[in-house]
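Peer 1: Dropping in target.txt, which is compact mmCIF, C-alpha atoms:
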```
# COMPACT_ATOMS: atom_id res chain seq x y z
CA MET A 1 96.46 -17.63 43.33
CA SER A 2 95.59 -13.94 43.53
CA GLN A 3 96.88 -13.38 47.03
CA LEU A 4 100.64 -13.92 47.11
CA PRO A 5 102.51 -13.27 50.36
CA ARG A 6 104.53 -10.20 51.28
CA VAL A 7 107.92 -10.23 52.99
CA GLN A 8 108.24 -7.27 55.36
CA ASN A 9 111.03 -5.90 57.53
CA PHE A 10 113.15 -9.01 56.91
CA THR A 11 116.73 -8.20 57.89
CA VAL A 12 119.87 -9.71 56.38
CA SER A 13 123.58 -8.99 56.74
CA SER A 14 125.54 -7.34 53.96
CA ASP A 15 126.70 -10.83 52.98
CA GLY A 16 123.11 -12.06 52.67
CA PHE A 17 122.43 -14.04 55.86
CA GLY A 18 119.27 -13.77 57.95
CA ALA A 19 120.84 -15.59 60.90
CA GLY A 20 124.13 -17.21 61.84
CA GLU A 21 124.89 -20.85 62.59
CA HIS A 22 124.35 -22.68 65.90
CA GLN A 23 120.88 -21.44 66.86
CA SER A 24 120.00 -22.22 70.48
CA PRO A 25 117.27 -21.25 72.98
CA GLU A 26 119.51 -18.41 74.13
CA ARG A 27 120.57 -17.33 70.64
CA PRO A 28 117.67 -17.15 68.13
CA PHE A 29 120.09 -15.71 65.55
CA GLY A 30 122.86 -18.18 66.35
CA THR A 31 126.32 -16.68 66.05
CA ALA A 32 124.89 -13.42 64.70
CA ASP A 33 124.45 -10.60 67.20
CA PRO A 34 120.75 -9.64 67.15
CA GLY A 35 121.53 -6.30 68.79
CA ARG A 36 123.65 -5.32 65.80
CA LEU A 37 121.61 -7.04 63.09
CA MET A 38 118.33 -5.58 64.35
CA ALA A 39 119.69 -2.25 65.65
CA TRP A 40 117.63 -0.36 63.03
CA LEU A 41 114.44 -1.99 64.36
CA LEU A 42 115.29 -1.68 68.05
CA ALA A 43 115.69 2.10 67.66
CA THR A 44 112.19 2.68 66.29
CA ALA A 45 109.21 4.03 68.21
CA SER A 46 106.99 1.28 66.80
CA LEU A 47 109.10 -1.63 68.05
CA PRO A 48 106.62 -4.08 69.61
CA ASP A 49 107.00 -4.39 73.39
CA ARG A 50 109.21 -1.29 73.63
CA ALA A 51 110.54 -1.15 77.16
CA GLU A 52 110.37 2.65 77.36
CA PRO A 53 108.69 5.37 75.31
CA GLY A 54 110.60 7.27 72.65
CA GLY A 55 112.38 5.97 69.59
CA THR A 56 112.81 7.24 66.06
CA ARG A 57 109.81 7.99 63.83
CA GLY A 58 111.53 8.40 60.48
CA LEU A 59 111.77 6.06 57.51
CA ASP A 60 112.63 2.94 59.50
CA ASP A 61 109.71 3.46 61.85
CA HIS A 62 107.43 4.04 58.92
CA LEU A 63 108.38 0.64 57.51
CA VAL A 64 107.99 -1.03 60.91
CA ARG A 65 104.48 0.42 61.28
CA ASP A 66 103.52 -1.30 58.05
CA PHE A 67 104.38 -4.72 59.47
CA GLY A 68 100.79 -5.65 60.34
CA ASN A 69 98.96 -3.35 57.93
CA ASN A 70 96.22 -5.40 56.23
CA ILE A 71 97.93 -8.67 57.21
CA GLY A 72 95.62 -11.56 58.11
CA ALA A 73 98.09 -14.43 58.56
CA GLU A 74 101.81 -15.24 58.66
CA ILE A 75 103.78 -18.19 57.33
CA MET A 76 107.09 -18.87 59.06
CA GLY A 77 109.76 -21.52 59.03
CA ARG A 78 110.31 -23.81 61.94
CA ASN A 79 113.62 -22.19 62.86
CA LYS A 80 111.98 -18.80 63.18
CA PHE A 81 109.50 -20.40 65.55
CA GLY A 82 112.11 -22.00 67.77
CA PRO A 83 115.43 -23.78 68.20
CA GLN A 84 114.16 -27.37 68.33
CA ARG A 85 114.91 -29.80 65.51
CA GLY A 86 113.23 -33.14 64.65
CA PRO A 87 110.14 -34.40 66.52
CA TRP A 88 108.72 -31.97 69.10
CA THR A 89 109.93 -33.37 72.41
CA ASP A 90 109.35 -30.20 74.43
CA HIS A 91 105.88 -28.70 74.12
CA ASP A 92 106.54 -26.40 77.07
CA TRP A 93 108.98 -24.29 75.10
CA GLU A 94 106.55 -22.09 73.28
CA ARG A 95 108.12 -18.87 72.19
CA TRP A 96 110.92 -16.42 71.69
CA TRP A 97 108.35 -13.67 72.02
CA GLY A 98 107.00 -13.52 75.55
CA ASP A 99 103.28 -13.54 76.28
CA GLU A 100 102.42 -11.05 73.52
CA PRO A 101 103.80 -12.20 70.15
CA PRO A 102 103.91 -9.38 67.58
CA PHE A 103 101.81 -11.25 64.99
CA HIS A 104 98.17 -10.89 66.21
CA THR A 105 96.92 -13.31 63.53
CA PRO A 106 97.05 -17.03 62.78
CA VAL A 107 100.67 -18.13 62.15
CA PHE A 108 101.47 -21.23 60.08
CA VAL A 109 104.74 -22.87 61.11
CA LEU A 110 106.28 -25.16 58.49
CA THR A 111 107.37 -28.48 59.99
CA HIS A 112 107.40 -32.16 59.05
CA HIS A 113 106.43 -33.03 62.62
CA ALA A 114 102.84 -32.77 63.85
CA ARG A 115 102.05 -30.66 66.89
CA PRO A 116 98.77 -29.30 68.25
CA SER A 117 97.91 -25.65 67.60
CA PHE A 118 98.12 -23.26 70.53
CA SER A 119 97.38 -19.59 71.18
CA LEU A 120 99.32 -16.87 72.95
CA SER A 121 97.26 -13.70 73.35
CA ASP A 122 95.70 -13.03 69.91
CA THR A 123 98.25 -15.11 67.96
CA THR A 124 97.49 -18.76 67.17
CA PHE A 125 100.31 -21.02 65.99
CA HIS A 126 99.39 -23.87 63.62
CA PHE A 127 101.96 -26.50 62.61
CA VAL A 128 101.68 -27.58 59.00
CA ASP A 129 103.47 -29.93 56.64
CA GLY A 130 103.16 -29.42 52.91
CA GLU A 131 104.33 -27.75 49.74
CA PRO A 132 104.41 -23.93 49.70
CA THR A 133 101.33 -23.75 47.46
CA ALA A 134 99.22 -25.84 49.85
CA VAL A 135 100.41 -23.96 52.93
CA LEU A 136 99.76 -20.65 51.22
CA ARG A 137 96.21 -21.77 50.44
CA GLN A 138 95.64 -22.52 54.13
CA ALA A 139 97.10 -19.17 55.18
CA CYS A 140 95.00 -17.29 52.61
CA ASP A 141 91.84 -18.95 53.93
CA ALA A 142 92.77 -17.96 57.47
CA ALA A 143 93.60 -14.40 56.39
CA GLU A 144 89.96 -13.84 55.37
CA GLY A 145 90.69 -11.54 52.46
CA LYS A 146 93.67 -9.78 54.01
CA ASP A 147 97.27 -10.31 52.91
CA VAL A 148 99.62 -13.05 54.07
CA ARG A 149 103.03 -12.13 55.43
CA LEU A 150 105.94 -14.46 54.74
CA GLY A 151 107.86 -14.04 57.95
CA GLY A 152 111.09 -15.90 57.27
CA GLY A 153 113.64 -17.17 58.05
CA ALA A 154 115.79 -16.94 54.97
CA THR A 155 115.35 -20.62 54.07
CA THR A 156 111.56 -20.32 54.06
CA ILE A 157 111.62 -17.17 51.95
CA ARG A 158 113.93 -18.95 49.46
CA GLN A 159 111.47 -21.85 49.29
CA PHE A 160 108.61 -19.51 48.36
CA LEU A 161 110.78 -17.54 45.95
CA ASP A 162 111.81 -20.77 44.23
CA ALA A 163 108.11 -21.65 43.86
CA ASP A 164 107.47 -18.11 42.50
CA LEU A 165 104.96 -17.45 45.28
CA VAL A 166 106.09 -14.03 46.57
CA ASP A 167 104.36 -10.76 45.69
CA THR A 168 106.57 -8.10 47.31
CA LEU A 169 109.66 -8.09 49.54
CA HIS A 170 110.94 -5.42 51.88
CA VAL A 171 114.42 -6.58 52.89
CA VAL A 172 116.64 -4.53 55.21
CA VAL A 173 120.36 -4.95 54.55
CA ALA A 174 122.28 -4.23 57.75
CA PRO A 175 125.90 -3.05 57.65
CA LEU A 176 127.57 -6.11 59.14
CA GLU A 177 128.77 -9.50 57.95
CA ILE A 178 127.67 -12.81 59.47
CA GLY A 179 129.85 -15.13 57.37
CA ALA A 180 127.77 -18.33 57.55
CA GLY A 181 124.24 -19.42 58.41
CA ALA A 182 120.81 -19.13 56.78
CA ARG A 183 121.36 -17.37 53.48
CA LEU A 184 118.72 -15.33 51.65
CA TRP A 185 120.91 -14.47 48.67
CA HIS A 186 124.47 -14.11 47.43
CA SER A 187 123.41 -10.79 45.94
CA PRO A 188 120.06 -8.97 45.90
CA ASP A 189 120.53 -8.69 42.13
CA GLU A 190 119.55 -12.37 41.89
CA LEU A 191 115.89 -11.34 42.07
CA LEU A 192 116.00 -8.78 39.28
CA ASP A 193 114.93 -11.23 36.60
CA ARG A 194 111.50 -11.47 38.19
CA PHE A 195 111.19 -8.32 40.31
CA HIS A 196 111.50 -4.55 40.00
CA ARG A 197 113.50 -3.04 42.84
CA ASP A 198 113.99 0.22 44.72
CA VAL A 199 117.21 0.55 46.71
CA VAL A 200 116.83 3.13 49.46
CA PRO A 201 119.61 4.18 51.85
CA SER A 202 118.08 4.80 55.27
CA PRO A 203 119.66 7.50 57.46
CA SER A 204 120.04 4.84 60.18
CA GLY A 205 122.75 3.12 58.15
CA VAL A 206 120.78 0.18 56.74
CA THR A 207 119.73 -0.07 53.10
CA ASP A 208 116.14 -0.95 52.24
CA HIS A 209 115.48 -3.11 49.21
CA VAL A 210 111.86 -3.03 48.04
CA PHE A 211 110.96 -5.61 45.38
CA TRP A 212 107.75 -6.00 43.43
CA ARG A 213 106.87 -8.45 40.65
CA LYS A 214 107.46 -7.62 37.00
CA MET B 1 96.11 17.99 72.83
CA SER B 2 97.37 14.44 72.52
CA GLN B 3 96.35 13.91 68.91
CA LEU B 4 98.36 16.28 66.68
CA PRO B 5 97.88 16.05 62.93
CA ARG B 6 100.14 14.33 60.41
CA VAL B 7 101.19 15.77 57.06
CA GLN B 8 101.48 13.01 54.45
CA ASN B 9 102.59 12.87 50.84
CA PHE B 10 102.70 16.67 50.63
CA THR B 11 104.74 17.64 47.58
CA VAL B 12 106.80 20.79 47.16
CA SER B 13 109.23 22.02 44.53
CA SER B 14 112.95 22.17 45.21
CA ASP B 15 112.47 25.89 45.94
CA GLY B 16 109.80 25.15 48.54
CA PHE B 17 106.46 25.85 46.84
CA GLY B 18 103.40 23.59 47.07
CA ALA B 19 101.69 25.37 44.16
CA GLY B 20 102.32 28.24 41.78
CA GLU B 21 100.46 31.52 41.43
CA HIS B 22 97.21 32.13 39.53
CA GLN B 23 95.14 29.13 40.62
CA SER B 24 92.03 28.65 38.48
CA PRO B 25 89.34 25.98 37.99
CA GLU B 26 91.48 24.54 35.20
CA ARG B 27 94.78 24.83 37.09
CA PRO B 28 94.59 23.67 40.72
CA PHE B 29 98.36 24.18 41.01
CA GLY B 30 98.34 27.55 39.20
CA THR B 31 101.42 28.11 37.08
CA ALA B 32 103.01 24.88 38.37
CA ASP B 33 102.67 21.82 36.15
CA PRO B 34 100.92 19.15 38.24
CA GLY B 35 102.12 16.44 35.85
CA ARG B 36 105.72 17.27 36.73
CA LEU B 37 105.19 18.18 40.39
CA MET B 38 103.18 15.03 41.10
CA ALA B 39 104.95 12.69 38.63
CA TRP B 40 106.22 10.57 41.54
CA LEU B 41 102.62 10.04 42.74
CA LEU B 42 101.10 9.52 39.30
CA ALA B 43 103.52 6.64 38.65
CA THR B 44 102.47 4.62 41.70
CA ALA B 45 100.17 1.60 41.72
CA SER B 46 98.24 3.03 44.69
CA LEU B 47 97.31 6.32 43.01
CA PRO B 48 93.58 6.81 43.75
CA ASP B 49 91.41 6.53 40.64
CA ARG B 50 94.21 5.05 38.54
CA ALA B 51 93.00 4.93 34.96
CA GLU B 52 94.71 1.63 34.18
CA PRO B 53 96.28 -1.15 36.25
CA GLY B 54 100.02 -1.25 36.83
CA GLY B 55 102.29 1.31 38.40
CA THR B 56 105.32 1.15 40.66
CA ARG B 57 105.19 -0.59 44.04
CA GLY B 58 108.46 0.59 45.53
CA LEU B 59 109.19 3.24 48.16
CA ASP B 60 106.92 5.92 46.67
CA ASP B 61 103.98 3.55 46.49
CA HIS B 62 104.64 2.45 50.03
CA LEU B 63 104.33 6.04 51.21
CA VAL B 64 101.19 6.60 49.11
CA ARG B 65 99.55 3.52 50.63
CA ASP B 66 100.01 5.07 54.07
CA PHE B 67 97.93 8.12 53.10
CA GLY B 68 94.74 6.89 54.73
CA ASN B 69 96.23 4.51 57.28
CA ASN B 70 94.51 5.13 60.63
CA ILE B 71 93.31 8.57 59.46
CA GLY B 72 89.87 9.63 60.70
CA ALA B 73 89.64 13.22 59.41
CA GLU B 74 91.47 15.77 57.26
CA ILE B 75 91.96 19.50 57.67
CA MET B 76 92.62 21.42 54.46
CA GLY B 77 92.92 25.04 53.38
CA ARG B 78 90.33 26.68 51.23
CA ASN B 79 92.66 26.82 48.22
CA LYS B 80 93.20 23.09 48.32
CA PHE B 81 89.43 22.69 48.26
CA GLY B 82 88.88 24.97 45.27
CA PRO B 83 89.75 28.07 43.29
CA GLN B 84 87.06 30.43 44.61
CA ARG B 85 87.96 33.38 46.83
CA GLY B 86 85.74 35.49 49.12
CA PRO B 87 82.09 34.58 49.78
CA TRP B 88 80.89 31.35 48.17
CA THR B 89 78.94 32.49 45.13
CA ASP B 90 78.98 29.17 43.29
CA HIS B 91 77.80 26.18 45.34
CA ASP B 92 77.62 24.03 42.24
CA TRP B 93 81.37 23.89 41.89
CA GLU B 94 82.11 21.15 44.33
CA ARG B 95 85.39 19.46 43.62
CA TRP B 96 88.67 18.89 41.86
CA TRP B 97 88.28 15.24 42.64
CA GLY B 98 85.40 13.79 40.66
CA ASP B 99 82.68 11.76 42.35
CA GLU B 100 85.08 9.76 44.53
CA PRO B 101 87.37 12.07 46.55
CA PRO B 102 90.41 10.25 47.96
CA PHE B 103 89.73 11.23 51.59
CA HIS B 104 86.94 8.85 52.73
CA THR B 105 86.52 10.74 56.03
CA PRO B 106 85.15 14.07 57.25
CA VAL B 107 87.20 16.94 55.78
CA PHE B 108 87.34 20.34 57.49
CA VAL B 109 87.90 23.19 55.04
CA LEU B 110 89.25 26.40 56.59
CA THR B 111 87.32 29.47 55.40
CA HIS B 112 86.01 32.73 56.80
CA HIS B 113 82.83 32.30 54.77
CA ALA B 114 80.04 30.01 55.92
CA ARG B 115 78.79 27.26 53.62
CA PRO B 116 76.66 24.17 54.29
CA SER B 117 78.39 20.82 54.61
CA PHE B 118 77.97 18.35 51.76
CA SER B 119 79.02 14.78 50.99
CA LEU B 120 80.55 13.16 47.95
CA SER B 121 80.66 9.38 48.25
CA ASP B 122 82.10 8.67 51.74
CA THR B 123 83.78 12.08 52.13
CA THR B 124 81.91 14.90 53.90
CA PHE B 125 83.20 18.46 53.56
CA HIS B 126 82.59 20.82 56.48
CA PHE B 127 83.43 24.53 56.22
CA VAL B 128 84.87 25.98 59.40
CA ASP B 129 86.18 29.31 60.60
CA GLY B 130 88.49 29.44 63.60
CA GLU B 131 91.96 29.25 65.05
CA PRO B 132 93.99 26.10 64.31
CA THR B 133 93.52 24.81 67.86
CA ALA B 134 89.73 25.02 67.65
CA VAL B 135 89.57 23.45 64.20
CA LEU B 136 91.90 20.68 65.28
CA ARG B 137 89.61 19.95 68.23
CA GLN B 138 86.65 19.59 65.85
CA ALA B 139 88.64 17.33 63.53
CA CYS B 140 89.85 15.15 66.43
CA ASP B 141 86.27 14.68 67.62
CA ALA B 142 85.22 13.67 64.12
CA ALA B 143 88.20 11.30 63.79
CA GLU B 144 86.85 9.17 66.66
CA GLY B 145 90.21 8.16 68.03
CA LYS B 146 92.02 7.91 64.73
CA ASP B 147 94.63 10.40 63.51
CA VAL B 148 93.99 13.69 61.74
CA ARG B 149 95.75 14.41 58.46
CA LEU B 150 96.75 17.96 57.68
CA GLY B 151 96.22 17.97 53.95
CA GLY B 152 97.68 21.32 52.91
CA GLY B 153 98.14 23.54 51.02
CA ALA B 154 101.42 25.05 52.07
CA THR B 155 99.81 28.07 53.74
CA THR B 156 97.63 25.88 55.94
CA ILE B 157 100.54 23.68 56.94
CA ARG B 158 102.55 26.82 57.85
CA GLN B 159 99.66 28.03 60.01
CA PHE B 160 99.62 24.79 61.99
CA LEU B 161 103.43 24.70 62.20
CA ASP B 162 103.46 28.26 63.54
CA ALA B 163 100.93 27.18 66.19
CA ASP B 164 103.15 24.14 66.96
CA LEU B 165 100.29 21.78 66.19
CA VAL B 166 101.97 19.25 63.86
CA ASP B 167 103.10 15.79 64.96
CA THR B 168 104.85 14.38 61.88
CA LEU B 169 105.44 15.52 58.29
CA HIS B 170 106.18 13.50 55.20
CA VAL B 171 107.12 16.05 52.54
CA VAL B 172 108.15 15.02 49.03
CA VAL B 173 110.62 17.40 47.39
CA ALA B 174 110.27 17.18 43.62
CA PRO B 175 113.17 18.04 41.29
CA LEU B 176 111.72 21.19 39.71
CA GLU B 177 111.46 24.88 40.57
CA ILE B 178 108.16 26.79 40.67
CA GLY B 179 109.56 30.23 41.44
CA ALA B 180 106.56 31.84 43.16
CA GLY B 181 103.31 30.79 44.80
CA ALA B 182 102.31 29.10 48.05
CA ARG B 183 105.51 28.54 49.99
CA LEU B 184 106.04 25.81 52.59
CA TRP B 185 109.62 26.79 53.44
CA HIS B 186 112.72 28.55 52.23
CA SER B 187 114.66 25.50 53.37
CA PRO B 188 113.56 22.28 55.08
CA ASP B 189 116.25 23.00 57.67
CA GLU B 190 113.90 25.63 59.16
CA LEU B 191 112.06 22.87 61.00
CA LEU B 192 115.12 21.29 62.61
CA ASP B 193 114.83 23.31 65.81
CA ARG B 194 111.62 21.44 66.66
CA PHE B 195 111.78 18.25 64.59
CA HIS B 196 114.08 15.32 63.94
CA ARG B 197 114.39 14.53 60.25
CA ASP B 198 115.23 11.70 57.87
CA VAL B 199 116.20 12.68 54.34
CA VAL B 200 115.62 9.80 51.93
CA PRO B 201 116.45 9.88 48.21
CA SER B 202 113.79 7.94 46.36
CA PRO B 203 114.83 6.06 43.19
CA SER B 204 112.07 7.97 41.34
CA GLY B 205 114.07 11.19 41.63
CA VAL B 206 112.18 12.92 44.46
CA THR B 207 113.59 13.27 47.97
CA ASP B 208 111.46 12.34 50.96
CA HIS B 209 111.76 14.38 54.13
CA VAL B 210 110.25 12.70 57.18
CA PHE B 211 109.99 14.90 60.29
CA TRP B 212 108.98 13.96 63.81
CA ARG B 213 108.85 16.08 66.96
CA LYS B 214 111.82 16.37 69.27
```
Please go through the file and, once you have read it, give me the structure as structure tokens.

Peer 2:
Amino acid sequence: MSQLPRVQNFTVSSDGFGAGEHQSPERPFGTADPGRLMAWLLATASLPDRAEPGGTRGLDDHLVRDFGNNIGAEIMGRNKFGPQRGPWTDHDWERWWGDEPPFHTPVFVLTHHARPSFSLSDTTFHFVDGEPTAVLRQACDAAEGKDVRLGGGATTIRQFLDADLVDTLHVVVAPLEIGAGARLWHSPDELLDRFHRDVVPSPSGVTDHVFWRK
Amino acid sequence: MSQLPRVQNFTVSSDGFGAGEHQSPERPFGTADPGRLMAWLLATASLPDRAEPGGTRGLDDHLVRDFGNNIGAEIMGRNKFGPQRGPWTDHDWERWWGDEPPFHTPVFVLTHHARPSFSLSDTTFHFVDGEPTAVLRQACDAAEGKDVRLGGGATTIRQFLDADLVDTLHVVVAPLEIGAGARLWHSPDELLDRFHRDVVPSPSGVTDHVFWRK
């Protein structure tokens, strides 16, 4: 497949977790504090749905601006989509994101449980069951020649890494520990057998890891 | 004016020069060695007109990919365009860039000497005389709602900085000295009265300075 997905702006703790345990409708990141984990993002001028103008326009903002650049579809795990587990009993609960999700493309949500597609603004959520290769094929078709973003969470990214179906990763390592939850890695060095890497300290206090295939 | 230009991927030496003295048709950067000054750029996968596939896809490449992102026009100084001085006696000499210039938009070349516009592939060069504000207005009109890139050289960027007509700057400081030539600054700290700044060490050995207006 010529069009492998990109991971962008995915944030993990210094101990490698993308979210804590005990996710709930009120706590998309479970025990982890999203205000601390995502502080680097929340400070940027390009944060989607910014409540007030302003914000930084340095390195972090530059990387945030690239989030949708030439992206035609996203693949995400079910736990990024929402807190429900098992069969979908509540179709009314539709989003963490308000009326204007930041994706603006088709989004393929991995789940073993069927659910009809629906749209919010210019984002359409499809619910798909299948191996990473098959889901990626669907997302590539929907992307119409553009790239596919692999949106997370950590478990979904691991699944695609294990299937060797990731082209590039931009992972933001935030300076806090979460302790338990959805783990991306024990150490970012785990990927060095298959990827080149740049490690870039951002003035905001996070460290950017940019991986590309060998 | 709501649409101030962006400086992107502009490279200077550690002593602040964008090019050396004694520019000639054979030496666009004069006494400075472009292979050393631009080594960071030449190594990237996104280098325009790359001779062979490959190249790095880390931080430097990320910044190179942003070169044309949402850009609708460029303004450049006459010495970036070519080595001639005074009235245009040689209209045949048209480019450093080969048949496919990396701009892909209208380009406004600052000069006191009139010359007809011409196109190479999807880049059209216009030759304009005027104050920065007037030239910027022309470029904004041509950009049709997109951003305007201020392409350099150092003297042109200084002119627009002195007129307070720059929105953001991404300047790459390369680890070599040039000694004399076209100077952007004595120290990047000169801009801190009017700009915020991120200083980012790239793994390639250059240091990125990202400025945005206070």

Peer 1: For Ile71 (chain B), which of B:Gln8, B:Ser202, B:Ser121, B:Thr111 is the closest residue, counting only C-alpha atoms?

Peer 2: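 Using only C-alpha atoms, the shortest distance to Ile71 (chain B) belongs to B:Gln8.
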
Peer 1: With 10 Å as the limit and counting all atoms listed in the file, what residues in chain A lie close to chain B? Please list them as a PDB file with C-alpha atoms, in the coordinates of the input.

Peer 2:
```pdb
ATOM      1  CA  GLY A  54     110.600   7.270  72.650  1.00  0.00           C
ATOM      2  CA  THR A  56     112.810   7.240  66.060  1.00  0.00           C
ATOM      3  CA  ARG A  57     109.810   7.990  63.830  1.00  0.00           C
ATOM      4  CA  GLY A  58     111.530   8.400  60.480  1.00  0.00           C
ATOM      5  CA  LEU A  59     111.770   6.060  57.510  1.00  0.00           C
ATOM      6  CA  ASP A  60     112.630   2.940  59.500  1.00  0.00           C
ATOM      7  CA  HIS A  62     107.430   4.040  58.920  1.00  0.00           C
ATOM      8  CA  LEU A  63     108.380   0.640  57.510  1.00  0.00           C
ATOM      9  CA  ARG A  65     104.480   0.420  61.280  1.00  0.00           C
ATOM     10  CA  ASP A  66     103.520  -1.300  58.050  1.00  0.00           C
ATOM     11  CA  ASN A  69      98.960  -3.350  57.930  1.00  0.00           C
ATOM     12  CA  ASN A  70      96.220  -5.400  56.230  1.00  0.00           C
ATOM     13  CA  THR A 168     106.570  -8.100  47.310  1.00  0.00           C
ATOM     14  CA  LEU A 169     109.660  -8.090  49.540  1.00  0.00           C
ATOM     15  CA  HIS A 170     110.940  -5.420  51.880  1.00  0.00           C
ATOM     16  CA  HIS A 196     111.500  -4.550  40.000  1.00  0.00           C
ATOM     17  CA  ARG A 197     113.500  -3.040  42.840  1.00  0.00           C
ATOM     18  CA  ASP A 198     113.990   0.220  44.720  1.00  0.00           C
ATOM     19  CA  VAL A 199     117.210   0.550  46.710  1.00  0.00           C
ATOM     20  CA  VAL A 200     116.830   3.130  49.460  1.00  0.00           C
ATOM     21  CA  PRO A 201     119.610   4.180  51.850  1.00  0.00           C
ATOM     22  CA  SER A 202     118.080   4.800  55.270  1.00  0.00           C
ATOM     23  CA  PRO A 203     119.660   7.500  57.460  1.00  0.00           C
ATOM     24  CA  SER A 204     120.040   4.840  60.180  1.00  0.00           C
ATOM     25  CA  ASP A 208     116.140  -0.950  52.240  1.00  0.00           C
ATOM     26  CA  HIS A 209     115.480  -3.110  49.210  1.00  0.00           C
ATOM     27  CA  VAL A 210     111.860  -3.030  48.040  1.00  0.00           C
ATOM     28  CA  PHE A 211     110.960  -5.610  45.380  1.00  0.00           C
ATOM     29  CA  TRP A 212     107.750  -6.000  43.430  1.00  0.00           C
ATOM     30  CA  ARG A 213     106.870  -8.450  40.650  1.00  0.00           C
ATOM     31  CA  LYS A 214     107.460  -7.620  37.000  1.00  0.00           C
TER      32      LYS A 214
END
```

Peer 1: Fewer than 5 positions away in the same chain doesn't count, so skip those; otherwise give me all residues within 9 Å of Asp33 (chain B), counting all atoms listed in the file, as a PyMOL selection string.

Peer 2: chain B and resi 19-20+27+38+178

Peer 1: One decimal, Å: what's the distance from CA of Val128 (chain A) over to CA of Ile157 (chain A), could you say?

Peer 2: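 Between these atoms lies a distance of 16.0 Å.
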
Peer 1: Quick one: distance from CA of Phe67 (chain B) to CA of His91 (chain B) in Å, one decimal?

Peer 2: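 Atom-to-atom, CA of Phe67 (chain B) and CA of His91 (chain B) are spaced 28.1 Å apart.
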
Peer 1: Write out as an MDAnalysis selection string each polymer residue whose atoms come within 8 Å of region 98-109 of chain A, counting all atoms listed in the file; drop sequence neighbours fewer than 3 positions from it.

Peer 2: chainID A and resid 48 68 71:78 81 95 120:128 135 139 142:143

Peer 1: Mind giving me the straight-line distance from CA of Thr207 (chain A) to CA of Arg149 (chain B) in Å, one decimal?

Peer 2: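 Going from CA of Thr207 (chain A) over to CA of Arg149 (chain B) covers 28.5 Å.
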
Peer 1: Find the spatial neighbours of Gly130 (chain A), counting only C-alpha atoms, within a cut-off of 8 Å - ignore same-chain residues fewer than 4 positions away - and output them as an mmCIF file with C-alpha atoms, in the coordinates of the input.

Peer 2:
```cif
data_model
loop_
_atom_site.group_PDB
_atom_site.id
_atom_site.type_symbol
_atom_site.label_atom_id
_atom_site.label_comp_id
_atom_site.auth_asym_id
_atom_site.auth_seq_id
_atom_site.Cartn_x
_atom_site.Cartn_y
_atom_site.Cartn_z
ATOM 1 C CA LEU A 110 106.280 -25.160 58.490
ATOM 2 C CA HIS A 112 107.400 -32.160 59.050
ATOM 3 C CA ALA A 134 99.220 -25.840 49.850
ATOM 4 C CA VAL A 135 100.410 -23.960 52.930
#
```
